[in-house]
file query_8.cif (mmCIF, C-alpha atoms (C1' of nucleotides))
data_upload
loop_
_atom_site.label_atom_id
_atom_site.label_comp_id
_atom_site.auth_asym_id
_atom_site.auth_seq_id
_atom_site.Cartn_x
_atom_site.Cartn_y
_atom_site.Cartn_z
CA MET M 73 -15.21 3.37 -5.02
CA VAL M 74 -12.60 2.79 -7.61
CA GLU M 75 -15.34 1.88 -10.10
CA ASN M 76 -16.73 5.41 -10.02
CA SER M 77 -13.34 6.67 -10.96
CA LEU M 78 -13.15 4.22 -13.83
CA SER M 79 -16.46 5.34 -15.22
CA LYS M 80 -15.25 8.94 -15.06
CA ILE M 81 -12.33 7.91 -17.25
CA GLN M 82 -14.61 6.18 -19.71
CA GLN M 83 -16.90 9.19 -19.95
CA HIS M 84 -13.94 11.42 -20.51
CA LEU M 85 -12.61 9.10 -23.16
CA ALA M 86 -15.96 9.12 -24.94
CA SER M 87 -16.00 12.91 -25.01
CA LEU M 88 -12.45 13.32 -26.31
CA ASP M 89 -12.40 15.24 -29.55
CA GLU M 90 -11.55 13.50 -32.78
CA LYS M 91 -8.23 15.27 -33.28
CA ALA M 92 -6.87 14.26 -29.91
CA ARG M 93 -7.89 10.68 -30.43
CA GLU M 94 -6.27 10.60 -33.83
CA ALA M 95 -3.11 12.16 -32.45
CA ILE M 96 -2.74 9.46 -29.84
CA GLU M 97 -3.32 6.81 -32.40
CA ASN M 98 -0.38 8.16 -34.39
CA ALA M 99 1.88 7.89 -31.35
CA THR M 100 0.79 4.29 -30.79
CA HIS M 101 1.66 0.97 -32.36
CA ILE M 102 0.74 -2.64 -31.72
CA LYS M 103 3.36 -5.06 -30.51
CA LYS M 104 3.20 -8.74 -29.67
CA TYR M 105 5.03 -10.44 -26.83
CA GLN M 106 5.60 -14.12 -26.22
CA LYS M 107 4.99 -15.75 -22.90
CA ASN M 108 7.62 -14.66 -20.34
CA GLU M 109 8.94 -11.91 -22.59
CA TYR M 110 9.57 -8.52 -20.99
CA LEU M 111 7.73 -5.35 -21.96
CA LEU M 112 10.09 -3.50 -19.63
CA GLN M 113 13.17 -4.56 -17.72
CA ALA M 114 14.63 -3.09 -14.56
CA GLY M 115 17.35 -0.61 -15.45
CA GLU M 116 15.60 0.54 -18.63
CA ILE M 117 13.71 3.81 -18.76
CA CYS M 118 10.00 3.27 -19.26
CA LYS M 119 9.54 5.14 -22.53
CA SER M 120 6.08 3.81 -23.30
CA GLY M 121 2.71 3.17 -21.79
CA PHE M 122 1.48 -0.37 -22.46
CA GLN M 123 -2.20 -1.08 -22.86
CA ILE M 124 -3.07 -4.77 -22.95
CA VAL M 125 -5.17 -5.69 -25.98
CA SER M 126 -5.12 -9.40 -25.17
CA GLY M 127 -3.18 -11.69 -22.88
CA VAL M 128 -1.99 -11.33 -19.29
CA ALA M 129 1.03 -9.52 -17.84
CA ARG M 130 2.48 -8.72 -14.46
CA LYS M 131 4.72 -6.10 -12.89
CA PHE M 132 7.30 -7.12 -10.31
CA TYR M 133 10.55 -6.10 -8.66
CA LEU M 134 13.39 -8.04 -7.13
CA ASN M 135 13.84 -7.82 -3.38
CA ASP M 136 16.96 -9.63 -2.30
CA GLY M 137 16.70 -12.18 -5.03
CA LYS M 138 12.96 -12.75 -4.68
CA GLU M 139 10.40 -11.55 -7.20
CA ILE M 140 7.61 -9.49 -5.67
CA THR M 141 4.62 -9.19 -7.98
CA THR M 142 2.94 -5.82 -7.56
CA GLU M 143 0.31 -5.71 -10.27
CA LEU M 144 -1.48 -7.99 -12.71
CA PHE M 145 -2.72 -6.78 -16.07
CA PHE M 146 -5.60 -8.04 -18.19
CA THR M 147 -7.37 -6.76 -21.30
CA ASP M 148 -7.63 -2.95 -21.40
CA ASP M 149 -5.39 -2.41 -18.37
CA ILE M 150 -2.55 0.04 -18.75
CA ALA M 151 0.86 -1.01 -17.51
CA VAL M 152 3.73 1.34 -16.72
CA SER M 153 6.37 1.59 -14.07
CA LEU M 154 5.08 4.87 -12.65
CA GLU M 155 8.33 6.06 -11.15
CA SER M 156 10.32 5.34 -14.28
CA TYR M 157 7.63 6.67 -16.58
CA THR M 158 6.90 9.94 -14.81
CA LEU M 159 10.49 10.79 -13.92
CA GLN M 160 12.09 9.15 -16.95
CA GLN M 161 14.66 7.43 -14.83
CA PRO M 162 15.80 3.77 -14.79
CA SER M 163 13.07 1.40 -13.70
CA LYS M 164 13.25 -0.75 -10.58
CA GLU M 165 10.42 -2.86 -11.90
CA PHE M 166 9.96 -5.43 -14.64
CA ILE M 167 6.84 -5.81 -16.73
CA GLN M 168 6.47 -9.29 -18.15
CA ALA M 169 3.95 -11.16 -20.29
CA ILE M 170 2.76 -14.22 -18.40
CA GLU M 171 0.62 -15.23 -21.35
CA PRO M 172 1.27 -14.25 -24.98
CA CYS M 173 0.24 -10.62 -25.22
CA THR M 174 -0.88 -8.16 -27.83
CA VAL M 175 -0.12 -4.69 -26.55
CA SER M 176 -0.92 -1.18 -27.67
CA VAL M 177 2.27 0.79 -27.07
CA THR M 178 2.13 4.59 -26.73
CA ASN M 179 5.33 6.60 -26.75
CA TYR M 180 5.97 8.67 -23.64
CA GLN M 181 7.55 11.66 -25.33
CA ALA M 182 4.84 11.91 -27.95
CA PHE M 183 2.14 11.71 -25.31
CA GLN M 184 3.83 14.45 -23.29
CA GLU M 185 3.75 16.73 -26.30
CA LEU M 186 0.16 15.88 -27.12
CA LYS M 187 -0.88 16.76 -23.59
CA GLN M 188 0.37 20.27 -24.30
CA LYS M 189 -1.77 20.56 -27.40
CA HIS M 190 -4.91 18.87 -26.17
CA LYS M 191 -6.16 19.78 -22.74
CA GLY M 192 -8.44 16.74 -22.89
CA LEU M 193 -5.42 14.47 -22.82
CA LEU M 194 -3.92 16.24 -19.86
CA GLU M 195 -7.21 15.76 -18.05
CA LEU M 196 -7.24 12.14 -19.07
CA ASP M 197 -3.77 11.62 -17.64
CA LEU M 198 -4.90 13.17 -14.36
CA LEU M 199 -7.97 10.95 -14.19
CA MET M 200 -5.90 7.85 -14.86
CA THR M 201 -3.38 8.79 -12.21
CA GLU M 202 -6.16 9.45 -9.70
CA TYR M 203 -7.60 6.07 -10.53
CA TYR M 204 -4.27 4.38 -9.93
CA ALA M 205 -3.82 6.22 -6.61
CA LEU M 206 -7.28 5.08 -5.47
CA TRP M 207 -6.39 1.54 -6.44
CA LEU M 208 -3.19 1.78 -4.42
CA GLU M 209 -5.10 3.13 -1.43
CA ALA M 210 -7.50 0.19 -1.61
CA ARG M 211 -4.61 -2.24 -1.78
CA LEU M 212 -2.86 -0.58 1.14
CA PHE M 213 -6.09 -0.85 3.10
CA GLN M 214 -6.02 -4.59 2.56
CA PHE M 215 -2.46 -4.96 3.79
CA HIS M 216 -3.24 -2.69 6.71
CA THR M 217 -6.34 -4.43 8.01
CA MET M 218 -6.78 -7.90 6.57
CA ASP M 219 -5.04 -11.20 7.24
CA ALA M 220 -3.89 -13.60 4.52
CA THR M 221 -7.19 -15.48 4.31
CA GLN M 222 -9.25 -12.31 4.10
CA ARG M 223 -7.06 -10.91 1.35
CA TYR M 224 -7.38 -14.10 -0.65
CA MET M 225 -11.15 -14.28 -0.16
CA LEU M 226 -11.55 -10.70 -1.30
CA LEU M 227 -9.49 -11.38 -4.41
CA LEU M 228 -11.60 -14.44 -5.10
CA LYS M 229 -14.72 -12.31 -4.84
CA GLN M 230 -13.55 -9.22 -6.70
CA GLN M 231 -11.21 -10.72 -9.28
CA PRO M 232 -12.14 -14.39 -9.71
CA HIS M 233 -10.38 -14.43 -13.09
CA PHE M 234 -7.06 -13.75 -11.33
CA VAL M 235 -7.37 -17.02 -9.50
CA GLN M 236 -8.15 -18.91 -12.67
CA GLN M 237 -5.50 -17.43 -14.90
CA ILE M 238 -2.53 -16.63 -12.69
CA PRO M 239 0.00 -19.19 -11.41
CA LEU M 240 -0.11 -19.58 -7.65
CA THR M 241 3.41 -18.28 -7.13
CA TYR M 242 2.52 -14.94 -8.66
CA LEU M 243 -0.78 -14.75 -6.84
CA ALA M 244 0.88 -15.50 -3.50
CA SER M 245 3.48 -12.84 -4.11
CA TYR M 246 0.84 -10.34 -5.21
CA LEU M 247 -1.10 -11.00 -2.02
CA GLY M 248 2.00 -10.88 0.17
CA ILE M 249 1.55 -14.47 1.31
CA SER M 250 4.00 -17.36 1.08
CA LEU M 251 3.25 -19.96 -1.55
CA GLU M 252 2.72 -22.69 1.05
CA THR M 253 0.38 -20.63 3.19
CA LEU M 254 -1.75 -19.71 0.19
CA SER M 255 -1.95 -23.35 -0.80
CA ARG M 256 -3.17 -24.22 2.69
CA ILE M 257 -5.71 -21.41 2.66
CA ARG M 258 -7.15 -22.81 -0.54
CA ALA M 259 -7.28 -26.32 0.87
CA ARG M 260 -9.14 -25.05 3.91
CA ILE M 261 -11.97 -23.41 1.97
CA MET G 282 12.63 8.43 -5.75
CA VAL G 283 9.74 10.34 -4.40
CA GLU G 284 12.03 13.32 -3.77
CA ASN G 285 12.61 13.78 -7.49
CA SER G 286 8.90 14.04 -7.94
CA LEU G 287 8.67 16.62 -5.17
CA SER G 288 11.31 18.80 -6.78
CA LYS G 289 9.38 18.62 -10.04
CA ILE G 290 6.38 20.03 -8.21
CA GLN G 291 8.44 22.79 -6.70
CA GLN G 292 9.89 23.75 -10.04
CA HIS G 293 6.47 23.80 -11.55
CA LEU G 294 5.18 25.92 -8.70
CA ALA G 295 8.02 28.39 -9.20
CA SER G 296 7.20 28.74 -12.89
CA LEU G 297 3.46 29.23 -12.40
CA ASP G 298 2.34 32.49 -13.89
CA GLU G 299 1.26 35.34 -11.65
CA LYS G 300 -2.40 35.21 -12.64
CA ALA G 301 -2.79 31.56 -11.77
CA ARG G 302 -1.14 32.04 -8.42
CA GLU G 303 -3.35 34.98 -7.62
CA ALA G 304 -6.43 33.06 -8.67
CA ILE G 305 -5.65 30.22 -6.27
CA GLU G 306 -5.05 32.66 -3.51
CA ASN G 307 -8.53 34.03 -3.99
CA ALA G 308 -10.03 30.58 -3.63
CA THR G 309 -8.08 30.01 -0.44
CA HIS G 310 -8.48 31.10 3.17
CA ILE G 311 -6.68 30.44 6.42
CA LYS G 312 -8.38 28.50 9.16
CA LYS G 313 -7.25 27.46 12.61
CA TYR G 314 -8.05 24.17 14.30
CA GLN G 315 -7.65 23.20 17.92
CA LYS G 316 -6.02 19.99 19.01
CA ASN G 317 -8.25 16.98 18.18
CA GLU G 318 -10.58 19.07 16.03
CA TYR G 319 -11.62 17.60 12.67
CA LEU G 320 -10.77 19.18 9.33
CA LEU G 321 -12.95 16.52 7.74
CA GLN G 322 -15.26 13.90 9.16
CA ALA G 323 -16.34 10.60 7.65
CA GLY G 324 -19.67 11.05 5.91
CA GLU G 325 -18.90 14.60 4.79
CA ILE G 326 -17.86 15.38 1.25
CA CYS G 327 -14.30 16.65 1.09
CA LYS G 328 -14.93 20.07 -0.45
CA SER G 329 -11.49 21.52 0.24
CA GLY G 330 -7.84 20.75 0.01
CA PHE G 331 -6.01 21.42 3.28
CA GLN G 332 -2.43 22.59 3.28
CA ILE G 333 -0.79 22.61 6.70
CA VAL G 334 0.79 25.96 7.53
CA SER G 335 1.74 24.89 11.05
CA GLY G 336 0.85 22.06 13.39
CA VAL G 337 0.37 18.34 12.86
CA ALA G 338 -2.61 16.39 11.55
CA ARG G 339 -3.49 12.84 10.67
CA LYS G 340 -5.87 10.99 8.39
CA PHE G 341 -7.59 7.82 9.60
CA TYR G 342 -10.58 5.57 9.08
CA LEU G 343 -12.53 3.30 11.35
CA ASN G 344 -12.24 -0.41 10.80
CA ASP G 345 -14.59 -2.30 13.06
CA GLY G 346 -14.34 0.25 15.80
CA LYS G 347 -10.58 0.69 15.56
CA GLU G 348 -8.93 3.80 14.18
CA ILE G 349 -6.42 3.09 11.44
CA THR G 350 -4.11 6.03 10.79
CA THR G 351 -3.15 6.22 7.13
CA GLU G 352 -1.23 9.46 6.80
CA LEU G 353 0.49 12.06 8.96
CA PHE G 354 0.72 15.71 7.92
CA PHE G 355 3.31 18.33 8.81
CA THR G 356 4.07 21.82 7.56
CA ASP G 357 3.45 22.25 3.81
CA ASP G 358 1.83 18.85 3.40
CA ILE G 359 -1.50 18.74 1.63
CA ALA G 360 -4.27 16.71 3.21
CA VAL G 361 -7.37 15.45 1.40
CA SER G 362 -9.41 12.31 1.37
CA LEU G 363 -8.62 11.46 -2.23
CA GLU G 364 -11.69 9.36 -2.91
CA SER G 365 -14.05 11.91 -1.44
CA TYR G 366 -12.24 14.84 -3.02
CA THR G 367 -11.93 13.51 -6.56
CA LEU G 368 -15.35 11.90 -6.74
CA GLN G 369 -17.13 14.38 -4.46
CA GLN G 370 -18.76 11.60 -2.51
CA PRO G 371 -19.01 11.06 1.26
CA SER G 372 -15.67 10.44 2.88
CA LYS G 373 -14.74 7.22 4.62
CA GLU G 374 -11.84 9.00 6.27
CA PHE G 375 -11.37 11.56 9.00
CA ILE G 376 -8.74 14.28 8.98
CA GLN G 377 -7.91 15.49 12.46
CA ALA G 378 -5.53 18.00 14.02
CA ILE G 379 -3.33 16.21 16.54
CA GLU G 380 -1.66 19.50 17.43
CA PRO G 381 -3.24 22.94 17.03
CA CYS G 382 -3.10 23.66 13.31
CA THR G 383 -3.12 26.61 11.00
CA VAL G 384 -4.36 25.45 7.63
CA SER G 385 -4.59 26.97 4.18
CA VAL G 386 -7.95 25.80 2.85
CA THR G 387 -8.60 25.77 -0.91
CA ASN G 388 -12.10 25.24 -2.22
CA TYR G 389 -12.54 22.20 -4.48
CA GLN G 390 -15.05 23.72 -6.87
CA ALA G 391 -13.05 26.90 -7.34
CA PHE G 392 -9.90 24.90 -8.00
CA GLN G 393 -11.71 22.76 -10.58
CA GLU G 394 -12.76 25.87 -12.45
CA LEU G 395 -9.32 27.39 -12.25
CA LYS G 396 -7.80 24.26 -13.73
CA GLN G 397 -9.91 24.93 -16.81
CA LYS G 398 -8.57 28.44 -17.16
CA HIS G 399 -4.93 27.83 -16.29
CA LYS G 400 -3.25 24.82 -17.83
CA GLY G 401 -0.44 25.26 -15.31
CA LEU G 402 -2.81 24.37 -12.49
CA LEU G 403 -4.04 21.28 -14.27
CA GLU G 404 -0.42 20.21 -14.67
CA LEU G 405 0.21 20.95 -11.05
CA ASP G 406 -2.69 18.77 -10.01
CA LEU G 407 -1.30 15.94 -12.14
CA LEU G 408 2.16 16.31 -10.61
CA MET G 409 0.75 16.27 -7.09
CA THR G 410 -1.34 13.20 -7.82
CA GLU G 411 1.67 11.42 -9.31
CA TYR G 412 3.63 12.31 -6.22
CA TYR G 413 0.96 10.86 -3.99
CA ALA G 414 0.80 7.68 -6.08
CA LEU G 415 4.58 7.25 -5.79
CA TRP G 416 4.32 7.75 -2.07
CA LEU G 417 1.62 5.10 -1.88
CA GLU G 418 3.76 2.71 -3.92
CA ALA G 419 6.65 3.21 -1.54
CA ARG G 420 4.41 2.56 1.43
CA LEU G 421 2.95 -0.54 -0.16
CA PHE G 422 6.49 -1.76 -0.79
CA GLN G 423 7.16 -1.50 2.92
CA PHE G 424 4.10 -3.53 3.87
CA HIS G 425 4.92 -6.03 1.16
CA THR G 426 8.53 -6.71 2.05
CA MET G 427 9.43 -5.47 5.53
CA ASP G 428 8.66 -6.74 9.00
CA ALA G 429 7.55 -4.51 11.88
CA THR G 430 11.08 -3.70 13.05
CA GLN G 431 12.28 -2.81 9.58
CA ARG G 432 9.32 -0.54 9.00
CA TYR G 433 9.93 1.27 12.26
CA MET G 434 13.66 1.61 11.61
CA LEU G 435 13.00 3.06 8.18
CA LEU G 436 10.57 5.57 9.63
CA LEU G 437 13.12 6.50 12.26
CA LYS G 438 15.67 7.10 9.51
CA GLN G 439 13.49 8.86 6.98
CA GLN G 440 11.07 10.74 9.24
CA PRO G 441 12.68 11.11 12.65
CA HIS G 442 10.32 14.01 13.46
CA PHE G 443 7.37 11.58 13.25
CA VAL G 444 8.77 9.66 16.17
CA GLN G 445 9.28 12.78 18.23
CA GLN G 446 5.97 14.46 17.56
CA ILE G 447 3.41 11.70 17.14
CA PRO G 448 1.84 9.70 20.00
CA LEU G 449 2.80 6.05 19.91
CA THR G 450 -0.75 4.85 19.31
CA TYR G 451 -0.96 6.76 16.03
CA LEU G 452 2.53 5.75 14.98
CA ALA G 453 1.79 2.08 15.64
CA SER G 454 -1.40 2.26 13.67
CA TYR G 455 0.32 4.11 10.83
CA LEU G 456 2.97 1.39 10.69
CA GLY G 457 0.42 -1.42 10.95
CA ILE G 458 1.90 -2.69 14.22
CA SER G 459 0.18 -3.21 17.56
CA LEU G 460 0.94 -0.66 20.23
CA GLU G 461 2.60 -3.26 22.46
CA THR G 462 4.81 -4.67 19.75
CA LEU G 463 6.01 -1.22 18.76
CA SER G 464 6.82 -0.46 22.37
CA ARG G 465 8.89 -3.64 22.56
CA ILE G 466 10.68 -2.84 19.33
CA ARG G 467 11.69 0.50 20.76
CA ALA G 468 12.90 -1.08 24.00
CA ARG G 469 15.02 -3.53 22.02
CA ILE G 470 16.93 -0.86 20.09
"C1'" DA N 134 2.78 19.61 44.95
"C1'" DG N 135 -0.85 15.96 44.64
"C1'" DT N 136 -4.19 13.42 42.23
"C1'" DG N 137 -6.70 11.46 38.20
"C1'" DG N 138 -6.36 9.91 33.76
"C1'" DA N 139 -3.90 8.81 29.75
"C1'" DA N 140 0.15 6.88 27.57
"C1'" DT N 141 3.55 3.50 27.62
"C1'" DT N 142 5.82 -0.55 29.16
"C1'" DT N 143 6.18 -5.27 30.70
"C1'" DG N 144 4.51 -10.11 31.27
"C1'" DA N 145 2.30 -14.36 29.83
"C1'" DT N 146 0.17 -16.75 26.30
"C1'" DA N 147 -1.98 -17.80 21.79
"C1'" DT N 148 -1.83 -17.93 16.90
"C1'" DA N 149 -1.00 -16.77 12.16
"C1'" DA N 150 2.16 -17.31 8.97
"C1'" DG N 151 7.05 -18.24 7.50
"C1'" DT N 152 10.68 -21.69 6.44
"C1'" DC N 153 12.74 -25.92 5.13
"C1'" DA N 154 12.02 -30.35 3.27
"C1'" DA N 155 9.75 -33.82 0.92
"C1'" DA N 156 5.91 -35.77 -1.67
"C1'" DT N 157 2.51 -35.41 -5.32
"C1'" DA N 158 0.46 -33.59 -9.21
"C1'" DA N 159 0.37 -31.20 -13.45
"C1'" DT N 160 2.66 -29.73 -17.64
"C1'" DC N 161 5.71 -29.68 -21.28
"C1'" DT N 162 9.12 -31.82 -24.47
"C1'" DT N 163 10.91 -34.90 -27.73
"C1'" DA P 137 3.79 -42.16 -24.07
"C1'" DA P 138 7.86 -41.64 -20.96
"C1'" DG P 139 10.67 -38.83 -18.85
"C1'" DA P 140 11.75 -34.29 -17.27
"C1'" DT P 141 10.51 -30.04 -15.46
"C1'" DT P 142 7.62 -27.12 -13.04
"C1'" DA P 143 3.78 -26.21 -9.98
"C1'" DT P 144 1.28 -27.34 -5.96
"C1'" DT P 145 0.41 -29.67 -1.73
"C1'" DT P 146 1.47 -31.61 2.70
"C1'" DG P 147 4.26 -32.15 7.01
"C1'" DA P 148 7.07 -30.63 10.92
"C1'" DC P 149 8.85 -26.96 13.14
"C1'" DT P 150 10.06 -22.00 14.24
"C1'" DT P 151 9.18 -17.30 14.80
"C1'" DA P 152 7.00 -12.82 14.61
"C1'" DT P 153 3.40 -10.51 16.19
"C1'" DA P 154 -1.28 -10.16 18.29
"C1'" DT P 155 -4.02 -10.25 22.43
"C1'" DC P 156 -5.28 -9.82 27.15
"C1'" DA P 157 -3.94 -8.21 31.58
"C1'" DA P 158 -1.43 -5.70 34.79
"C1'" DA P 159 2.07 -2.49 36.17
"C1'" DT P 160 4.30 1.63 35.63
"C1'" DT P 161 5.36 6.14 33.98
"C1'" DC P 162 4.08 10.49 32.31
"C1'" DC P 163 1.26 14.77 32.29
"C1'" DA P 164 -2.33 18.04 32.93
"C1'" DC P 165 -5.01 20.46 36.05
"C1'" DT P 166 -6.81 22.29 40.36
#
call {"tool": "encode", "arguments": {"input": "query_8.cif", "output": "structure tokens"}}
result
Amino acid sequence: MVENSLSKIQQHLASLDEKAREAIENATHIKKYQKNEYLLQAGEICKSGFQIVSGVARKFYLNDGKEITTELFFTDDIAVSLESYTLQQPSKEFIQAIEPCTVSVTNYQAFQELKQKHKGLLELDLLMTEYYALWLEARLFQFHTMDATQRYMLLLKQQPHFVQQIPLTYLASYLGISLETLSRIRARI
Amino acid sequence: MVENSLSKIQQHLASLDEKAREAIENATHIKKYQKNEYLLQAGEICKSGFQIVSGVARKFYLNDGKEITTELFFTDDIAVSLESYTLQQPSKEFIQAIEPCTVSVTNYQAFQELKQKHKGLLELDLLMTEYYALWLEARLFQFHTMDATQRYMLLLKQQPHFVQQIPLTYLASYLGISLETLSRIRARI
DNA sequence: AGTGGAATTTGATATAAGTCAAATAATCTT
DNA sequence: AAGATTATTTGACTTATATCAAATTCCACT
């Protein structure tokens, strides 16, 4: 269960020593984004981690001209393009505010250095990466075993706020379903 | 590119200090498995990491009675059920030798303790988890954007040894294609 | 080498989901 | 509020892939 992993992160966060927490704070600043503005564009190197304070954002890439939404971010979620962030190479993905966002932006380089000083932060990074990998496994499971209707129903059950707050086009893309099919699925329920 | 991440791991491995390497070795033993034998069964807690020395293995779960193969392991690959390993809870997945295997088995608990003593091992764990997450992202991309034929062709190009060494049933399941359809795809090429 | 069982292929059919096109409905703008 | 844009729904049709069933091919074992 991905939730167990999340609670491990929260426990770890609670037990972080004061110095480490302060150090991160110094490498972090708040930034606001308008609707449709990009936190990261393809081609840029992802030099920050973005934690959503308020608003909604999405991550997507272009696949022969079509946008494929891969992740949706709400309050407290952390958004990065993993490949670009970890390897510090140009991103294939965009991160975009789909509602006006307030974001807590932590510098990559500074965080790297802090991880050397504070073992707790290195552990935190590991826990967060494990959490993301478990989330990816769960998502892969859905693509591997569920049809379009089942994927939508599960989303409705597990993340009802997605359905309320996200335009259908993005939802469809996120679920790997065409816009029209998703519309029909909704009509049928 | 997942390869860049792999080379980062290898570099890190090369620069690990002697003590850390020795310590891991002490927490590790070699074990042999016959064809079809399980390295891990669903319901068990994954108390070891399994590195393949020789042979071939697969990871799968049961989804209403059907086996879904999620990963295939060759020489040097590391096999764990991530959820069970990281959270030390009963596994939903099986890991099974599909050819006779020699495996380097590292105890979870010992590795956890060593990560506390040797920062290099903690870093290594992070790098390996990042690598796995990037691999999962790439796989998700394939399910998200490619049809059955494209997925098979990509596998053929990137992992030709899979196609030689893995029974079609497992390959089909791994690719999320029915056995019959995969057979037809192959006939068509 | 011959036989039993598994793996793979081939055939016929059903169905989920995509695509293209048009019609509504919702929303934003001035 | 009216028009303009954008988002969503509905319709008609096509296509990829699953399913069920049978035939064949491939191997392992005595």
call {"tool": "interface_residues", "arguments": {"input": "query_8.cif", "of": "chain M", "to": "chain P", "cutoff": "8 Å", "atoms": "all atoms listed in the file", "output": "ChimeraX atom specification"}}
result
/M:252,255-256
call {"tool": "interface_residues", "arguments": {"input": "query_8.cif", "of": "chain G", "to": "chain N", "cutoff": "12 Å", "atoms": "all atoms listed in the file", "output": "tab-separated table (two decimals) with C-alpha atoms, in the frame of the given file"}}
result
chain	number	residue	atom	x	y	z
G	428	ASP	CA	8.66	-6.74	9.00
G	447	ILE	CA	3.41	11.70	17.14
G	448	PRO	CA	1.84	9.70	20.00
G	449	LEU	CA	2.80	6.05	19.91
G	450	THR	CA	-0.75	4.85	19.31
G	451	TYR	CA	-0.96	6.76	16.03
G	460	LEU	CA	0.94	-0.66	20.23
G	461	GLU	CA	2.60	-3.26	22.46
G	462	THR	CA	4.81	-4.67	19.75
G	463	LEU	CA	6.01	-1.22	18.76
G	464	SER	CA	6.82	-0.46	22.37
G	465	ARG	CA	8.89	-3.64	22.56
G	466	ILE	CA	10.68	-2.84	19.33
G	467	ARG	CA	11.69	0.50	20.76
G	468	ALA	CA	12.90	-1.08	24.00
call {"tool": "atom_distance", "arguments": {"input": "query_8.cif", "atom1": "atom CA of Lys91 of chain M", "atom2": "atom CA of Leu112 of chain M"}}
result
29.6 Å
call {"tool": "interface_residues", "arguments": {"input": "query_8.cif", "of": "chain M", "to": "chain G", "cutoff": "6 Å", "atoms": "all atoms listed in the file", "output": "list in words"}}
result
Leu198, Ala205, Leu212, His216 and Gly248 of chain M
call {"tool": "closest_residue", "arguments": {"input": "query_8.cif", "among": "G:Ile311, G:Leu402, G:Cys327, G:Val384", "to": "Asp298 of chain G", "atoms": "all atoms listed in the file"}}
result
G:Leu402
call {"tool": "atom_distance", "arguments": {"input": "query_8.cif", "atom1": "atom CA of Arg93 of chain M", "atom2": "atom CA of Ala182 of chain M"}}
result
13.0 Å
call {"tool": "atom_distance", "arguments": {"input": "query_8.cif", "atom1": "atom CA of Cys173 of chain M", "atom2": "atom CA of Thr147 of chain M"}}
result
9.4 Å
